[in-house]
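Raw contents of structure_29.cif, mmCIF, N, CA and C atoms:
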data_upload
#
loop_
_atom_site.group_PDB
_atom_site.id
_atom_site.type_symbol
_atom_site.label_atom_id
_atom_site.label_comp_id
_atom_site.auth_asym_id
_atom_site.auth_seq_id
_atom_site.Cartn_x
_atom_site.Cartn_y
_atom_site.Cartn_z
ATOM 1 N N MET A 244 -66.601 -63.579 -3.500
ATOM 2 C CA MET A 244 -66.576 -62.171 -3.105
ATOM 3 C C MET A 244 -67.477 -61.372 -4.037
ATOM 4 N N ALA A 245 -68.191 -60.445 -3.469
ATOM 5 C CA ALA A 245 -69.136 -59.634 -4.240
ATOM 6 C C ALA A 245 -68.398 -58.613 -5.102
ATOM 7 N N ASN A 246 -68.949 -58.366 -6.281
ATOM 8 C CA ASN A 246 -68.393 -57.366 -7.192
ATOM 9 C C ASN A 246 -69.245 -56.106 -7.246
ATOM 10 N N ILE A 247 -70.527 -56.264 -6.991
ATOM 11 C CA ILE A 247 -71.455 -55.137 -7.094
ATOM 12 C C ILE A 247 -71.359 -54.306 -5.819
ATOM 13 N N LYS A 248 -71.410 -52.982 -6.009
ATOM 14 C CA LYS A 248 -71.227 -52.058 -4.894
ATOM 15 C C LYS A 248 -72.261 -52.281 -3.789
ATOM 16 N N SER A 249 -73.516 -52.467 -4.155
ATOM 17 C CA SER A 249 -74.570 -52.654 -3.150
ATOM 18 C C SER A 249 -74.379 -53.964 -2.384
ATOM 19 N N ALA A 250 -73.886 -54.989 -3.069
ATOM 20 C CA ALA A 250 -73.633 -56.269 -2.398
ATOM 21 C C ALA A 250 -72.491 -56.132 -1.395
ATOM 22 N N LYS A 251 -71.471 -55.369 -1.763
ATOM 23 C CA LYS A 251 -70.354 -55.122 -0.843
ATOM 24 C C LYS A 251 -70.844 -54.385 0.402
ATOM 25 N N LYS A 252 -71.733 -53.416 0.173
ATOM 26 C CA LYS A 252 -72.270 -52.651 1.297
ATOM 27 C C LYS A 252 -73.091 -53.564 2.205
ATOM 28 N N ARG A 253 -73.909 -54.432 1.621
ATOM 29 C CA ARG A 253 -74.719 -55.343 2.424
ATOM 30 C C ARG A 253 -73.835 -56.242 3.285
ATOM 31 N N ILE A 254 -72.717 -56.692 2.721
ATOM 32 C CA ILE A 254 -71.797 -57.542 3.479
ATOM 33 C C ILE A 254 -71.264 -56.800 4.698
ATOM 34 N N SER A 255 -70.873 -55.545 4.511
ATOM 35 C CA SER A 255 -70.328 -54.788 5.640
ATOM 36 C C SER A 255 -71.411 -54.459 6.662
ATOM 37 N N VAL A 256 -72.622 -54.166 6.195
ATOM 38 C CA VAL A 256 -73.717 -53.863 7.113
ATOM 39 C C VAL A 256 -74.061 -55.093 7.950
ATOM 40 N N ILE A 257 -74.121 -56.248 7.294
ATOM 41 C CA ILE A 257 -74.429 -57.491 8.001
ATOM 42 C C ILE A 257 -73.347 -57.798 9.035
ATOM 43 N N LYS A 258 -72.097 -57.546 8.668
ATOM 44 C CA LYS A 258 -70.986 -57.790 9.602
ATOM 45 C C LYS A 258 -71.146 -56.933 10.860
ATOM 46 N N ASN A 259 -71.490 -55.653 10.662
ATOM 47 C CA ASN A 259 -71.678 -54.757 11.801
ATOM 48 C C ASN A 259 -72.858 -55.187 12.666
ATOM 49 N N LYS A 260 -73.974 -55.552 12.027
ATOM 50 C CA LYS A 260 -75.153 -55.976 12.780
ATOM 51 C C LYS A 260 -74.874 -57.258 13.556
ATOM 52 N N THR A 261 -74.084 -58.156 12.964
ATOM 53 C CA THR A 261 -73.730 -59.399 13.640
ATOM 54 C C THR A 261 -72.952 -59.104 14.912
ATOM 55 N N LEU A 262 -72.008 -58.167 14.836
ATOM 56 C CA LEU A 262 -71.222 -57.799 16.021
ATOM 57 C C LEU A 262 -72.110 -57.217 17.116
ATOM 58 N N VAL A 263 -73.042 -56.353 16.724
ATOM 59 C CA VAL A 263 -73.950 -55.733 17.693
ATOM 60 C C VAL A 263 -74.816 -56.800 18.352
ATOM 61 N N ASN A 264 -75.372 -57.705 17.532
ATOM 62 C CA ASN A 264 -76.231 -58.763 18.073
ATOM 63 C C ASN A 264 -75.455 -59.687 19.004
ATOM 64 N N LYS A 265 -74.213 -59.999 18.641
ATOM 65 C CA LYS A 265 -73.379 -60.851 19.497
ATOM 66 C C LYS A 265 -73.158 -60.205 20.856
ATOM 67 N N SER A 266 -72.867 -58.908 20.848
ATOM 68 C CA SER A 266 -72.611 -58.222 22.110
ATOM 69 C C SER A 266 -73.868 -58.180 22.976
ATOM 70 N N ARG A 267 -75.035 -57.995 22.346
ATOM 71 C CA ARG A 267 -76.286 -57.981 23.110
ATOM 72 C C ARG A 267 -76.568 -59.344 23.726
ATOM 73 N N LYS A 268 -76.345 -60.407 22.956
ATOM 74 C CA LYS A 268 -76.571 -61.751 23.481
ATOM 75 C C LYS A 268 -75.602 -62.068 24.611
ATOM 76 N N THR A 269 -74.355 -61.664 24.458
ATOM 77 C CA THR A 269 -73.352 -61.899 25.486
ATOM 78 C C THR A 269 -73.717 -61.159 26.771
ATOM 79 N N GLU A 270 -74.176 -59.937 26.635
ATOM 80 C CA GLU A 270 -74.588 -59.151 27.798
ATOM 81 C C GLU A 270 -75.709 -59.864 28.549
ATOM 82 N N LEU A 271 -76.685 -60.384 27.802
ATOM 83 C CA LEU A 271 -77.791 -61.104 28.432
ATOM 84 C C LEU A 271 -77.310 -62.369 29.129
ATOM 85 N N LYS A 272 -76.419 -63.102 28.480
ATOM 86 C CA LYS A 272 -75.891 -64.329 29.089
ATOM 87 C C LYS A 272 -75.175 -64.015 30.401
ATOM 88 N N ASN A 273 -74.401 -62.939 30.407
ATOM 89 C CA ASN A 273 -73.678 -62.547 31.620
ATOM 90 C C ASN A 273 -74.638 -62.148 32.733
ATOM 91 N N LEU A 274 -75.708 -61.430 32.386
ATOM 92 C CA LEU A 274 -76.707 -61.055 33.387
ATOM 93 C C LEU A 274 -77.375 -62.294 33.978
ATOM 94 N N ILE A 275 -77.686 -63.257 33.122
ATOM 95 C CA ILE A 275 -78.345 -64.477 33.595
ATOM 96 C C ILE A 275 -77.409 -65.260 34.504
ATOM 97 N N LYS A 276 -76.129 -65.331 34.152
ATOM 98 C CA LYS A 276 -75.155 -66.006 35.013
ATOM 99 C C LYS A 276 -75.072 -65.323 36.375
ATOM 100 N N ARG A 277 -75.047 -63.972 36.363
ATOM 101 C CA ARG A 277 -74.985 -63.232 37.625
ATOM 102 C C ARG A 277 -76.239 -63.490 38.458
ATOM 103 N N PHE A 278 -77.404 -63.523 37.790
ATOM 104 C CA PHE A 278 -78.662 -63.801 38.479
ATOM 105 C C PHE A 278 -78.617 -65.160 39.161
ATOM 106 N N GLU A 279 -78.169 -66.187 38.423
ATOM 107 C CA GLU A 279 -78.122 -67.536 38.987
ATOM 108 C C GLU A 279 -77.131 -67.629 40.139
ATOM 109 N N LEU A 280 -76.033 -66.898 40.029
ATOM 110 C CA LEU A 280 -75.052 -66.868 41.105
ATOM 111 C C LEU A 280 -75.661 -66.257 42.365
ATOM 112 N N LEU A 281 -76.389 -65.163 42.203
ATOM 113 C CA LEU A 281 -77.032 -64.508 43.347
ATOM 114 C C LEU A 281 -78.081 -65.413 43.981
ATOM 115 N N VAL A 282 -78.844 -66.119 43.151
ATOM 116 C CA VAL A 282 -79.865 -67.021 43.686
ATOM 117 C C VAL A 282 -79.212 -68.138 44.481
ATOM 118 N N ASN A 283 -78.114 -68.681 43.949
ATOM 119 C CA ASN A 283 -77.422 -69.778 44.642
ATOM 120 C C ASN A 283 -76.813 -69.315 45.964
ATOM 121 N N GLU A 284 -76.398 -68.046 46.025
ATOM 122 C CA GLU A 284 -75.837 -67.505 47.263
ATOM 123 C C GLU A 284 -76.919 -67.106 48.253
ATOM 124 N N GLY A 285 -78.167 -67.069 47.795
ATOM 125 C CA GLY A 285 -79.275 -66.716 48.675
ATOM 126 C C GLY A 285 -79.550 -65.232 48.761
ATOM 127 N N LYS A 286 -78.961 -64.445 47.873
ATOM 128 C CA LYS A 286 -79.178 -62.992 47.857
ATOM 129 C C LYS A 286 -80.381 -62.683 46.961
ATOM 130 N N THR A 287 -81.574 -62.943 47.505
ATOM 131 C CA THR A 287 -82.783 -62.842 46.683
ATOM 132 C C THR A 287 -83.152 -61.410 46.327
ATOM 133 N N ASP A 288 -82.861 -60.463 47.201
ATOM 134 C CA ASP A 288 -83.205 -59.061 46.897
ATOM 135 C C ASP A 288 -82.410 -58.555 45.705
ATOM 136 N N GLU A 289 -81.110 -58.844 45.700
ATOM 137 C CA GLU A 289 -80.265 -58.426 44.580
ATOM 138 C C GLU A 289 -80.651 -59.183 43.312
ATOM 139 N N ALA A 290 -80.985 -60.450 43.466
ATOM 140 C CA ALA A 290 -81.384 -61.266 42.315
ATOM 141 C C ALA A 290 -82.670 -60.731 41.698
ATOM 142 N N ARG A 291 -83.573 -60.255 42.552
ATOM 143 C CA ARG A 291 -84.835 -59.694 42.048
ATOM 144 C C ARG A 291 -84.572 -58.446 41.205
ATOM 145 N N GLU A 292 -83.621 -57.616 41.637
ATOM 146 C CA GLU A 292 -83.261 -56.418 40.870
ATOM 147 C C GLU A 292 -82.639 -56.793 39.516
ATOM 148 N N VAL A 293 -81.775 -57.793 39.533
ATOM 149 C CA VAL A 293 -81.135 -58.248 38.295
ATOM 150 C C VAL A 293 -82.182 -58.847 37.364
ATOM 151 N N LEU A 294 -83.171 -59.528 37.933
ATOM 152 C CA LEU A 294 -84.240 -60.122 37.128
ATOM 153 C C LEU A 294 -85.040 -59.046 36.393
ATOM 154 N N LYS A 295 -85.257 -57.907 37.040
ATOM 155 C CA LYS A 295 -85.958 -56.795 36.383
ATOM 156 C C LYS A 295 -85.168 -56.300 35.172
ATOM 157 N N VAL A 296 -83.859 -56.202 35.333
ATOM 158 C CA VAL A 296 -82.996 -55.760 34.229
ATOM 159 C C VAL A 296 -83.021 -56.790 33.099
ATOM 160 N N ILE A 297 -82.966 -58.062 33.469
ATOM 161 C CA ILE A 297 -82.997 -59.128 32.466
ATOM 162 C C ILE A 297 -84.310 -59.075 31.690
ATOM 163 N N ASP A 298 -85.404 -58.882 32.403
ATOM 164 C CA ASP A 298 -86.726 -58.803 31.755
ATOM 165 C C ASP A 298 -86.759 -57.680 30.736
ATOM 166 N N LYS A 299 -86.267 -56.526 31.138
ATOM 167 C CA LYS A 299 -86.254 -55.367 30.246
ATOM 168 C C LYS A 299 -85.395 -55.635 29.006
ATOM 169 N N LYS A 300 -84.216 -56.209 29.226
ATOM 170 C CA LYS A 300 -83.295 -56.465 28.111
ATOM 171 C C LYS A 300 -83.835 -57.548 27.178
ATOM 172 N N LEU A 301 -84.462 -58.589 27.757
ATOM 173 C CA LEU A 301 -85.030 -59.645 26.929
ATOM 174 C C LEU A 301 -86.164 -59.123 26.057
ATOM 175 N N LYS A 302 -86.997 -58.282 26.637
ATOM 176 C CA LYS A 302 -88.110 -57.725 25.851
ATOM 177 C C LYS A 302 -87.609 -56.792 24.756
ATOM 178 N N LYS A 303 -86.547 -56.074 25.039
ATOM 179 C CA LYS A 303 -85.944 -55.213 24.023
ATOM 180 C C LYS A 303 -85.341 -56.068 22.898
ATOM 181 N N ALA A 304 -84.717 -57.175 23.287
ATOM 182 C CA ALA A 304 -84.139 -58.086 22.290
ATOM 183 C C ALA A 304 -85.245 -58.717 21.434
ATOM 184 N N GLU A 305 -86.371 -58.974 22.059
ATOM 185 C CA GLU A 305 -87.516 -59.506 21.316
ATOM 186 C C GLU A 305 -88.007 -58.498 20.279
ATOM 187 N N GLN A 306 -88.059 -57.244 20.654
ATOM 188 C CA GLN A 306 -88.482 -56.193 19.720
ATOM 189 C C GLN A 306 -87.525 -56.066 18.542
ATOM 190 N N ARG A 307 -86.257 -56.316 18.804
ATOM 191 C CA ARG A 307 -85.234 -56.197 17.755
ATOM 192 C C ARG A 307 -85.061 -57.498 16.973
ATOM 193 N N ASN A 308 -85.952 -58.458 17.192
ATOM 194 C CA ASN A 308 -85.934 -59.761 16.524
ATOM 195 C C ASN A 308 -84.652 -60.540 16.796
ATOM 196 N N LEU A 309 -84.124 -60.377 17.982
ATOM 197 C CA LEU A 309 -82.943 -61.127 18.391
ATOM 198 C C LEU A 309 -83.362 -62.497 18.926
ATOM 199 N N PHE A 310 -84.518 -62.538 19.601
ATOM 200 C CA PHE A 310 -85.084 -63.776 20.125
ATOM 201 C C PHE A 310 -86.556 -63.844 19.755
ATOM 202 N N HIS A 311 -87.079 -65.062 19.686
ATOM 203 C CA HIS A 311 -88.501 -65.263 19.448
ATOM 204 C C HIS A 311 -89.262 -64.954 20.736
ATOM 205 N N LYS A 312 -90.500 -64.481 20.589
ATOM 206 C CA LYS A 312 -91.270 -64.072 21.775
ATOM 207 C C LYS A 312 -91.507 -65.224 22.740
ATOM 208 N N ASN A 313 -91.681 -66.446 22.214
ATOM 209 C CA ASN A 313 -91.898 -67.594 23.102
ATOM 210 C C ASN A 313 -90.635 -67.945 23.872
ATOM 211 N N LYS A 314 -89.483 -67.752 23.258
ATOM 212 C CA LYS A 314 -88.221 -68.021 23.952
ATOM 213 C C LYS A 314 -88.046 -67.042 25.103
ATOM 214 N N VAL A 315 -88.389 -65.783 24.851
ATOM 215 C CA VAL A 315 -88.289 -64.759 25.894
ATOM 216 C C VAL A 315 -89.217 -65.108 27.053
ATOM 217 N N ALA A 316 -90.442 -65.493 26.735
ATOM 218 C CA ALA A 316 -91.409 -65.841 27.775
ATOM 219 C C ALA A 316 -90.935 -67.054 28.568
ATOM 220 N N ARG A 317 -90.378 -68.039 27.877
ATOM 221 C CA ARG A 317 -89.893 -69.249 28.534
ATOM 222 C C ARG A 317 -88.729 -68.949 29.465
ATOM 223 N N LYS A 318 -87.777 -68.114 28.996
ATOM 224 C CA LYS A 318 -86.618 -67.741 29.817
ATOM 225 C C LYS A 318 -87.077 -67.025 31.085
ATOM 226 N N MET A 319 -87.955 -66.040 30.922
ATOM 227 C CA MET A 319 -88.420 -65.271 32.079
ATOM 228 C C MET A 319 -89.174 -66.167 33.052
ATOM 229 N N SER A 320 -89.978 -67.074 32.524
ATOM 230 C CA SER A 320 -90.739 -67.976 33.373
ATOM 231 C C SER A 320 -89.805 -68.857 34.192
ATOM 232 N N ARG A 321 -88.781 -69.395 33.553
ATOM 233 C CA ARG A 321 -87.842 -70.275 34.252
ATOM 234 C C ARG A 321 -87.029 -69.522 35.291
ATOM 235 N N LEU A 322 -86.601 -68.303 34.955
ATOM 236 C CA LEU A 322 -85.809 -67.512 35.897
ATOM 237 C C LEU A 322 -86.666 -67.097 37.095
ATOM 238 N N THR A 323 -87.901 -66.715 36.825
ATOM 239 C CA THR A 323 -88.816 -66.335 37.919
ATOM 240 C C THR A 323 -89.086 -67.529 38.815
ATOM 241 N N HIS A 324 -89.250 -68.679 38.199
ATOM 242 C CA HIS A 324 -89.493 -69.904 38.975
ATOM 243 C C HIS A 324 -88.297 -70.208 39.874
ATOM 244 N N LYS A 325 -87.078 -70.033 39.362
ATOM 245 C CA LYS A 325 -85.878 -70.248 40.179
ATOM 246 C C LYS A 325 -85.849 -69.315 41.379
ATOM 247 N N LEU A 326 -86.195 -68.057 41.124
ATOM 248 C CA LEU A 326 -86.186 -67.068 42.198
ATOM 249 C C LEU A 326 -87.230 -67.416 43.257
ATOM 250 N N ASN A 327 -88.428 -67.773 42.811
ATOM 251 C CA ASN A 327 -89.490 -68.105 43.753
ATOM 252 C C ASN A 327 -89.173 -69.357 44.548
ATOM 253 N N LYS A 328 -88.499 -70.287 43.920
ATOM 254 C CA LYS A 328 -88.124 -71.534 44.588
ATOM 255 C C LYS A 328 -87.062 -71.263 45.667
ATOM 256 N N ALA A 329 -86.194 -70.285 45.411
ATOM 257 C CA ALA A 329 -85.116 -69.969 46.343
ATOM 258 C C ALA A 329 -85.616 -69.232 47.582
ATOM 259 N N VAL A 330 -86.715 -68.547 47.444
ATOM 260 C CA VAL A 330 -87.242 -67.735 48.557
ATOM 261 C C VAL A 330 -87.853 -68.578 49.628
#
What does this structure look like when you write it as structure tokens?
Amino acid sequence: MANIKSAKKRISVIKNKTLVNKSRKTELKNLIKRFELLVNEGKTDEAREVLKVIDKKLKKAEQRNLFHKNKVARKMSRLTHKLNKAV
């Protein structure tokens, strides 16, 4: 356990940031699950709208250093490919 005041503060700040990052990742995972569900049901118009939201959120996560830029590009490429294959 930290004794120095600044170290204690860093621990609490990191804890808060971890919670925020977890919630952002969970939100993205849920959106991706919903997208895949829509694609499997054949609702391509709704899936396309969800894909736009996913793209926006992934790029925002990339800016916040939540994901690497190549991971974001790979995810979007795979999701777009799924959508195009379903059409």
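The closest residue to Glu279 (chain A), picked from A:His311, A:Arg267, A:Val256, A:Val293 and counting only C-alpha atoms, is A:Val293.
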Could you pull the residues within 10 Å of Asp298 (chain A), counting only C-alpha atoms, minus those fewer than 4 positions along the same chain, as an MDAnalysis selection string? chainID A and resid 271 293:294 302:304 315:316 318:319 322:323
Restricting the calculation to all atoms listed in the file: of A:Val263, A:Gln306, A:Leu326, A:Arg321, which residue gets closest to Thr287 (chain A)?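 Closest to Thr287 (chain A), using all atoms listed in the file: A:Leu326.
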Return the single residue from A:Val330, A:Leu274, A:Asn308, A:Lys252 that is closest to Glu292 (chain A), with distances computed using only C-alpha atoms. A:Leu274
Around all the atoms of region 246-263 of chain A listed in the file, draw an axis-aligned box and extend it by 5 Å on each of the six sides; I want its centre and edge lengths in Å to one decimal, as lines of an AutoDock Vina configuration file.
center_x = -71.8
center_y = -55.7
center_z = 5.6
size_x = 16.8
size_y = 17.3
size_z = 35.6
For CA of Glu284 (chain A) and atom C of Ala329 (chain A), the interatomic separation in Å (one decimal):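 Taking CA of Glu284 (chain A) and atom C of Ala329 (chain A), their separation equals 9.9 Å.
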What is the atom N of Phe278 (chain A) to CA of Ala290 (chain A) distance in Å?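 Rounded to one decimal, the two atoms are 6.4 Å apart.
In this model, the gap between CA of Asn259 (chain A) and CA of Phe310 (chain A) comes to 18.2 Å.
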